[in-house]
>>> print(open('input_21.cif').read())   # mmCIF, C-alpha atoms; chains and numbers go by the auth columns
data_input
loop_
_atom_site.group_PDB
_atom_site.id
_atom_site.type_symbol
_atom_site.label_atom_id
_atom_site.label_comp_id
_atom_site.label_asym_id
_atom_site.label_seq_id
_atom_site.Cartn_x
_atom_site.Cartn_y
_atom_site.Cartn_z
_atom_site.B_iso_or_equiv
_atom_site.auth_seq_id
_atom_site.auth_asym_id
ATOM 1 C CA MET A 1 134.915 48.464 133.195 0.00 22 N
ATOM 2 C CA SER A 2 135.537 48.891 129.461 0.00 23 N
ATOM 3 C CA LEU A 3 132.739 49.913 127.128 0.00 24 N
ATOM 4 C CA LEU A 4 133.251 46.855 124.905 0.00 25 N
ATOM 5 C CA ARG A 5 133.035 44.467 127.875 0.00 26 N
ATOM 6 C CA SER A 6 129.829 46.097 129.076 0.00 27 N
ATOM 7 C CA LEU A 7 128.256 45.876 125.612 0.00 28 N
ATOM 8 C CA ALA A 8 129.221 42.252 124.944 0.00 29 N
ATOM 9 C CA PRO A 9 129.503 40.247 128.162 0.00 30 N
ATOM 10 C CA ILE A 10 130.819 36.682 127.858 0.00 31 N
ATOM 11 C CA LYS A 11 129.019 33.931 129.761 0.00 32 N
ATOM 12 C CA ALA A 12 130.268 30.333 129.827 0.00 33 N
ATOM 13 C CA GLY A 13 131.331 30.031 126.166 0.00 34 N
ATOM 14 C CA GLN A 14 128.371 32.033 124.958 0.00 35 N
ATOM 15 C CA VAL A 15 128.512 35.585 123.632 0.00 36 N
ATOM 16 C CA THR A 16 125.628 37.941 124.148 0.00 37 N
ATOM 17 C CA VAL A 17 125.573 41.185 122.252 0.00 38 N
ATOM 18 C CA SER A 18 123.353 44.087 123.139 0.00 39 N
ATOM 19 C CA LYS A 19 120.862 45.334 120.562 0.00 40 N
ATOM 20 C CA MET A 20 122.695 48.656 120.388 0.00 41 N
ATOM 21 C CA PHE A 21 126.038 46.971 119.623 0.00 42 N
ATOM 22 C CA MET A 22 124.420 44.719 116.987 0.00 43 N
ATOM 23 C CA ALA A 23 122.818 47.750 115.314 0.00 44 N
ATOM 24 C CA LEU A 24 126.229 49.469 115.289 0.00 45 N
ATOM 25 C CA ILE A 25 127.855 46.411 113.652 0.00 46 N
ATOM 26 C CA ILE A 26 125.146 46.307 110.960 0.00 47 N
ATOM 27 C CA LEU A 27 125.426 50.044 110.289 0.00 48 N
ATOM 28 C CA VAL A 28 129.230 49.979 109.984 0.00 49 N
ATOM 29 C CA SER A 29 129.049 46.900 107.716 0.00 50 N
ATOM 30 C CA ALA A 30 126.521 48.605 105.454 0.00 51 N
ATOM 31 C CA VAL A 31 128.639 51.764 105.165 0.00 52 N
ATOM 32 C CA VAL A 32 131.862 49.839 104.466 0.00 53 N
ATOM 33 C CA GLY A 33 130.056 47.590 101.937 0.00 54 N
ATOM 34 C CA GLY A 34 128.587 50.625 100.181 0.00 55 N
ATOM 35 C CA VAL A 35 131.965 52.352 99.918 0.00 56 N
ATOM 36 C CA VAL A 36 133.707 49.223 98.609 0.00 57 N
ATOM 37 C CA THR A 37 130.914 48.570 96.085 0.00 58 N
ATOM 38 C CA SER A 38 131.057 52.127 94.765 0.00 59 N
ATOM 39 C CA LEU A 39 134.801 51.806 94.144 0.00 60 N
ATOM 40 C CA LEU A 40 134.578 48.523 92.194 0.00 61 N
ATOM 41 C CA PRO A 41 134.464 48.655 88.374 0.00 62 N
ATOM 42 C CA ARG A 42 131.067 47.936 86.831 0.00 63 N
ATOM 43 C CA GLY A 43 132.126 46.149 83.671 0.00 64 N
ATOM 44 C CA ASP A 44 133.890 49.105 82.100 0.00 65 N
ATOM 45 C CA VAL A 45 137.160 48.073 80.549 0.00 66 N
ATOM 46 C CA PRO A 46 139.655 50.876 80.114 0.00 67 N
ATOM 47 C CA LEU A 47 141.160 50.994 76.643 0.00 68 N
ATOM 48 C CA ILE A 48 144.512 52.312 75.534 0.00 69 N
ATOM 49 C CA VAL A 49 143.768 55.001 72.944 0.00 70 N
ATOM 50 C CA ALA A 50 146.559 55.639 70.464 0.00 71 N
ATOM 51 C CA GLU A 51 147.266 56.915 66.985 0.00 72 N
ATOM 52 C CA GLY A 52 149.134 54.789 64.517 0.00 73 N
ATOM 53 C CA HIS A 53 148.806 52.829 61.288 0.00 74 N
ATOM 54 C CA ALA A 54 146.383 50.019 60.501 0.00 75 N
ATOM 55 C CA GLN A 55 146.063 47.504 57.703 0.00 76 N
ATOM 56 C CA LEU A 56 143.494 44.854 56.815 0.00 77 N
ATOM 57 C CA THR A 57 144.185 41.650 54.918 0.00 78 N
ATOM 58 C CA MET A 58 141.983 40.314 52.145 0.00 79 N
ATOM 59 C CA ARG A 59 140.190 38.102 54.697 0.00 80 N
ATOM 60 C CA GLY A 60 139.148 41.087 56.803 0.00 81 N
ATOM 61 C CA SER A 61 141.302 40.946 59.922 0.00 82 N
ATOM 62 C CA GLY A 62 144.534 42.905 60.178 0.00 83 N
ATOM 63 C CA SER A 63 146.846 44.745 62.518 0.00 84 N
ATOM 64 C CA PHE A 64 147.236 48.110 64.200 0.00 85 N
ATOM 65 C CA GLN A 65 150.702 49.520 64.895 0.00 86 N
ATOM 66 C CA PRO A 66 150.555 52.348 67.440 0.00 87 N
ATOM 67 C CA ASP A 67 153.192 55.062 67.178 0.00 88 N
ATOM 68 C CA ASP A 68 154.683 53.943 70.479 0.00 89 N
ATOM 69 C CA GLY A 69 153.577 50.413 71.286 0.00 90 N
ATOM 70 C CA VAL A 70 153.207 46.790 70.344 0.00 91 N
ATOM 71 C CA THR A 71 151.282 45.729 67.233 0.00 92 N
ATOM 72 C CA ALA A 72 147.680 44.817 68.069 0.00 93 N
ATOM 73 C CA LEU A 73 145.326 42.392 66.342 0.00 94 N
ATOM 74 C CA LEU A 74 142.587 44.169 64.369 0.00 95 N
ATOM 75 C CA PRO A 75 139.568 41.829 64.122 0.00 96 N
ATOM 76 C CA ALA A 76 137.408 41.691 60.997 0.00 97 N
ATOM 77 C CA ASN A 77 134.214 42.801 62.780 0.00 98 N
ATOM 78 C CA VAL A 78 135.608 45.786 64.647 0.00 99 N
ATOM 79 C CA TRP A 79 133.453 48.774 65.599 0.00 100 N
ATOM 80 C CA TRP A 80 134.650 51.793 63.591 0.00 101 N
ATOM 81 C CA THR A 81 133.825 55.422 62.890 0.00 102 N
ATOM 82 C CA ASP A 82 134.166 56.904 59.417 0.00 103 N
ATOM 83 C CA SER A 83 135.559 60.387 58.676 0.00 104 N
ATOM 84 C CA GLY A 84 132.024 61.833 58.738 0.00 105 N
ATOM 85 C CA GLY A 85 131.339 60.496 62.244 0.00 106 N
ATOM 86 C CA GLY A 86 129.137 57.578 61.114 0.00 107 N
ATOM 87 C CA GLU A 87 129.423 54.474 63.273 0.00 108 N
ATOM 88 C CA HIS A 88 129.716 50.975 61.792 0.00 109 N
ATOM 89 C CA VAL A 89 130.294 47.429 63.000 0.00 110 N
ATOM 90 C CA GLY A 90 132.096 45.045 60.693 0.00 111 N
ATOM 91 C CA GLY A 91 132.832 45.533 57.041 0.00 112 N
ATOM 92 C CA ARG A 92 135.981 47.220 55.880 0.00 113 N
ATOM 93 C CA PRO A 93 136.667 50.644 57.391 0.00 114 N
ATOM 94 C CA SER A 94 136.618 53.215 54.592 0.00 115 N
ATOM 95 C CA CYS A 95 140.107 54.480 55.382 0.00 116 N
ATOM 96 C CA LEU A 96 141.564 50.964 55.045 0.00 117 N
ATOM 97 C CA TRP A 97 139.862 49.995 51.814 0.00 118 N
ATOM 98 C CA ASP A 98 139.599 51.541 48.406 0.00 119 N
ATOM 99 C CA GLU A 99 136.881 49.732 46.435 0.00 120 N
ATOM 100 C CA LYS A 100 137.697 51.615 43.227 0.00 121 N
ATOM 101 C CA ASN A 101 141.403 50.852 43.331 0.00 122 N
ATOM 102 C CA LYS A 102 141.553 47.028 43.411 0.00 123 N
ATOM 103 C CA GLY A 103 145.331 47.037 43.760 0.00 124 N
ATOM 104 C CA ASN A 104 145.092 48.935 47.045 0.00 125 N
ATOM 105 C CA GLU A 105 143.160 46.459 49.213 0.00 126 N
ATOM 106 C CA ASN A 106 145.888 46.076 51.807 0.00 127 N
ATOM 107 C CA LYS A 107 146.974 49.668 52.308 0.00 128 N
ATOM 108 C CA TRP A 108 148.327 51.049 55.580 0.00 129 N
ATOM 109 C CA SER A 109 146.414 54.092 56.810 0.00 130 N
ATOM 110 C CA ARG A 110 146.748 56.529 59.663 0.00 131 N
ATOM 111 C CA VAL A 111 144.013 55.914 62.266 0.00 132 N
ATOM 112 C CA GLU A 112 143.152 56.287 65.934 0.00 133 N
ATOM 113 C CA ALA A 113 142.307 53.075 67.786 0.00 134 N
ATOM 114 C CA GLY A 114 141.297 51.855 71.212 0.00 135 N
ATOM 115 C CA TYR A 115 142.803 48.545 72.282 0.00 136 N
ATOM 116 C CA ARG A 116 143.416 46.511 75.413 0.00 137 N
ATOM 117 C CA TRP A 117 145.493 43.571 76.523 0.00 138 N
ATOM 118 C CA MET A 118 143.497 40.333 76.559 0.00 139 N
ATOM 119 C CA LYS A 119 144.502 37.696 79.116 0.00 140 N
ATOM 120 C CA MET A 120 144.599 34.091 77.972 0.00 141 N
ATOM 121 C CA PRO A 121 143.887 31.060 80.184 0.00 142 N
ATOM 122 C CA SER A 122 147.508 29.965 79.781 0.00 143 N
ATOM 123 C CA GLY A 123 148.682 33.177 81.442 0.00 144 N
ATOM 124 C CA GLY A 124 149.854 35.022 78.341 0.00 145 N
ATOM 125 C CA SER A 125 148.240 38.102 76.842 0.00 146 N
ATOM 126 C CA TYR A 126 147.956 39.948 73.546 0.00 147 N
ATOM 127 C CA PRO A 127 146.661 43.386 72.450 0.00 148 N
ATOM 128 C CA LEU A 128 143.276 43.456 70.672 0.00 149 N
ATOM 129 C CA VAL A 129 141.678 46.471 68.966 0.00 150 N
ATOM 130 C CA ALA A 130 138.123 47.231 70.182 0.00 151 N
ATOM 131 C CA TRP A 131 137.366 50.287 67.987 0.00 152 N
ATOM 132 C CA LEU A 132 138.923 52.285 65.200 0.00 153 N
ATOM 133 C CA ARG A 133 138.404 55.861 64.001 0.00 154 N
ATOM 134 C CA CYS A 134 139.197 56.933 60.438 0.00 155 N
ATOM 135 C CA PRO A 135 140.507 60.500 60.032 0.00 156 N
#
>>> encode(input="input_21.cif", output="structure tokens")
Amino acid sequence: MSLLRSLAPIKAGQVTVSKMFMALIILVSAVVGGVVTSLLPRGDVPLIVAEGHAQLTMRGSGSFQPDDGVTALLPANVWWTDSGGGEHVGGRPSCLWDEKNKGNENKWSRVEAGYRWMKMPSGGSYPLVAWLRCP
């Protein structure tokens, strides 16, 4: 007689499972569930980190052109780090704006940026900058 048949005998369309077999099923389910849960991402979104050139327009948004990639949208309220390590959200990054030189509002500057591809409901996608670091 097989072990499985002795643990779960079948009687007239009804299945009876021994307490030991039920405990084993619960234990295996808990272990498998724990392993699967630990492997799932917890909201972290990996970014592509690249060096390249960025520019802002007069309205605040702009673009980032990585050295080897597709141009990404640079939103006006991006999180950025200045050359001294200070963190900011929004405003014009210091490396992309020269307040004293009014003719240099739209200059291209060398930066490091983190961006990712955003999926759209229509199925398309586009790259969007999440943070920027001024040298």
>>> closest_residue(input="input_21.cif", among="N:Val70, N:Leu117, N:Met43, N:Val57", to="Gly135 (chain N)", atoms="all atoms listed in the file")
N:Val70
>>> resolve_selection(input="input_21.cif", expression="the PyMOL selection byres ((chain N and resi 92-94) around 12)", output="ChimeraX atom specification")
/N:69-78,81-91,95-99,134-139,146-153
>>> atom_distance(input="input_21.cif", atom1="CA of Arg80 (chain N)", atom2="CA of Cys116 (chain N)")
16.4 Å
>>> closest_residue(input="input_21.cif", among="N:Arg154, N:Met41, N:Ile46, N:Ala51", to="Gly105 (chain N)", atoms="only C-alpha atoms")
N:Arg154
>>> atom_distance(input="input_21.cif", atom1="CA of Ser130 (chain N)", atom2="CA of Gly112 (chain N)")
16.1 Å
>>> atom_distance(input="input_21.cif", atom1="CA of Lys128 (chain N)", atom2="CA of Arg113 (chain N)")
11.8 Å
>>> resolve_selection(input="input_21.cif", expression="the PyMOL selection byres ((chain N and resi 106) around 12)", output="PyMOL selection string")
chain N and resi 101-105+107-109+115+153-156
